[in-house]
Each structure stands twice: as structure tokens, then as C-alpha cells.
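Structure first, commentary second.
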Amino acid sequence: MGRKKAFRIYGDYPELMGVPEEIKREAMPQVVKHVAEIARAEAPKRAGLSSSKSIVSRIKGSVEKAGLVGRVRAGAPHSHLIEFGTRPHSLASGSGKSKKKPGSRLKIFGDPSIIRMSAMHPGSAANPFMQRADDKAPPVVERVLMEIGAAALDHSIHKTSDLLKDLFGDVG
């Protein structure tokens with residue numbers, strides 16, 4: 001089996017710089033999950049097609065480095081071609097794009113009666129679905145951090161309140 005290929009768009013989130021590590025560890029799985037969902041929503045889909053080979057099914061998220069780094073990857077072998085587009089190129093044998101032996105004839109897709117020595121692929125426009133997901137991620141990161149931070153603050157207040165009650169009794 002060949003090597004699995006993936007590409008990543010790296011996000012820079014200043015919101016995470018001043019956050020304590022324990023909050024990052026708690027927030028990262030949720031952040032990765034939400035950003036992967038955004039990437040799946042942004043990825044191109046073919047109507048009626050939901051196979052295991054689709055782009056959408058191969059977008060995966062993972063949390064690494066003790067919960068401090070989150071990664072969202074598009075693991076389909078052709079993901080980069082969709083994200084960045086392609087230039088027009090030859091499909092002729094011997095051009096580096098074909099696995100056929102030089103001089104062999106190329107069947108054109110669709111009509112089996114058409115046989116040619118070469119063909120040109122017109123190229124494709126870029127559809128930067130991972131970049132769009134990265135652009136939409138900061139509000140999600142901020143929301144998750146606010147929720148977890150509020151829960152941590154609430155827990156801290158209740159813990160402090162309980163400690164004060166133990167020390168001074170129920171005042172008021």
C-alpha cells in the first residue's frame with residue numbers, strides 16, 4: 001500500500017497565545033472537531049455521491065503534542081489539486097502524467113471509439129475549501145475558549161465559595 005498523503009493549511013490564532021495550557025488541552029478537541037466540520041461543509045461535493053473515496057469523508061482532525069496542537073487534514077490524494085487548482089497539461093504518454101508506455105494510444109473518456117496519441121487536460125480552477133475553513137475558524141476558536149473559560153471561572157468561584165464557607169461558616 002502506498003504512502004498516505006495529506007496537506008494542511010496552517011492557521012495562526014492569536015487568541016490561543018495567552019491561554020493557559022490546561023484550558024488549551026480542554027478546548028483543542030472541540031476546536032478541531034468544529035474546524036473539521038467547517039472544512040467538510042466547504043469541501044466540494046458531487047450530488048448523490050457519498051463514498052469512502054470522497055474528499056468530505058477524508059477530512060480528519062487530530063489532537064497532538066499532549067493536547068496543545070490540533071490538525072485538520074484533507075487526506076484524499078487529489079485534495080491539493082482541488083485546493084490549489086491545476087494548469088492545463090498534456091495527458092500524452094511519456095509526458096509524466098500518464099502511466100502508459102510511450103507510443104501507446106490513449107482512449108478518451110466517454111466515447112470508446114475515439115482513440116488518440118495525446119490529449120490535453122484543460123486544467124481546473126482552485127477551490128480553496130481548506131483555506132475557507134481556516135478563515136472561518138477564529139470565531140469558533142473564540143467561542144469554544146469563552147465557553148470553557150466561563151466554565152472554569154464558574155468552577156473556580158464555586159470552589160472558592162465552598163472554601164470560604166468551610167473557613168468562616170455560612171455568613172449572611
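Numbering starts fresh at 1 for the residues of each chain in the C-alpha cells, the chains themselves are lettered A, B, ... in the order given, and ligands are numbered from 1 as they appear.
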Excluding stretch 83-87 of chain A and any residue of its chain fewer than 2 positions from it, enumerate the residues within 7 Å of it, using only C-alpha atoms, and give them as a list in words.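 The neighbour list is Ser79, His80, Leu81, His89, Gly123, Ser124, Ala125, Ala126, Asn127, Pro128 and Phe129 of chain A.
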Contacts of stretch 15-31 of chain A at 12 Å (only C-alpha atoms; same-chain gap of 6+ positions) as a VMD selection string: chain A and resid 37 to 38 61 to 72 134 136 to 153
Go ahead and save the picked residues with C-alpha atoms, as a short mmCIF file (atom, residue, chain, number, x, y, z; two decimals), in the first residue's frame.
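Output file selection08.cif is given in full below:
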data_model
loop_
_atom_site.label_atom_id
_atom_site.label_comp_id
_atom_site.auth_asym_id
_atom_site.auth_seq_id
_atom_site.Cartn_x
_atom_site.Cartn_y
_atom_site.Cartn_z
CA GLU A 37 -16.92 20.17 10.32
CA ILE A 38 -16.43 23.57 8.66
CA GLY A 61 -8.94 16.13 12.64
CA SER A 62 -6.45 15.12 15.29
CA VAL A 63 -5.04 16.49 18.52
CA GLU A 64 -1.30 16.09 19.05
CA LYS A 65 1.54 17.16 21.35
CA ALA A 66 -0.27 16.46 24.61
CA GLY A 67 -3.42 18.24 23.50
CA LEU A 68 -1.74 21.51 22.58
CA VAL A 69 -1.75 21.17 18.77
CA GLY A 70 -4.79 20.47 16.64
CA ARG A 71 -4.60 19.47 12.98
CA VAL A 72 -7.27 19.23 10.32
CA ASP A 134 -9.26 28.34 8.18
CA LYS A 136 -13.98 30.79 9.34
CA ALA A 137 -12.20 29.17 12.31
CA PRO A 138 -11.28 32.17 14.56
CA PRO A 139 -14.85 32.86 15.74
CA VAL A 140 -15.23 29.15 16.52
CA VAL A 141 -11.95 29.12 18.47
CA GLU A 142 -13.01 32.21 20.37
CA ARG A 143 -16.46 30.78 21.19
CA VAL A 144 -15.03 27.48 22.46
CA LEU A 145 -12.44 29.32 24.59
CA MET A 146 -15.15 31.58 26.03
CA GLU A 147 -17.34 28.59 26.93
CA ILE A 148 -14.50 26.64 28.54
CA GLY A 149 -13.11 29.75 30.24
CA ALA A 150 -16.53 30.62 31.65
CA ALA A 151 -16.98 27.07 32.92
CA ALA A 152 -13.50 27.13 34.52
CA LEU A 153 -14.22 30.51 36.12
#
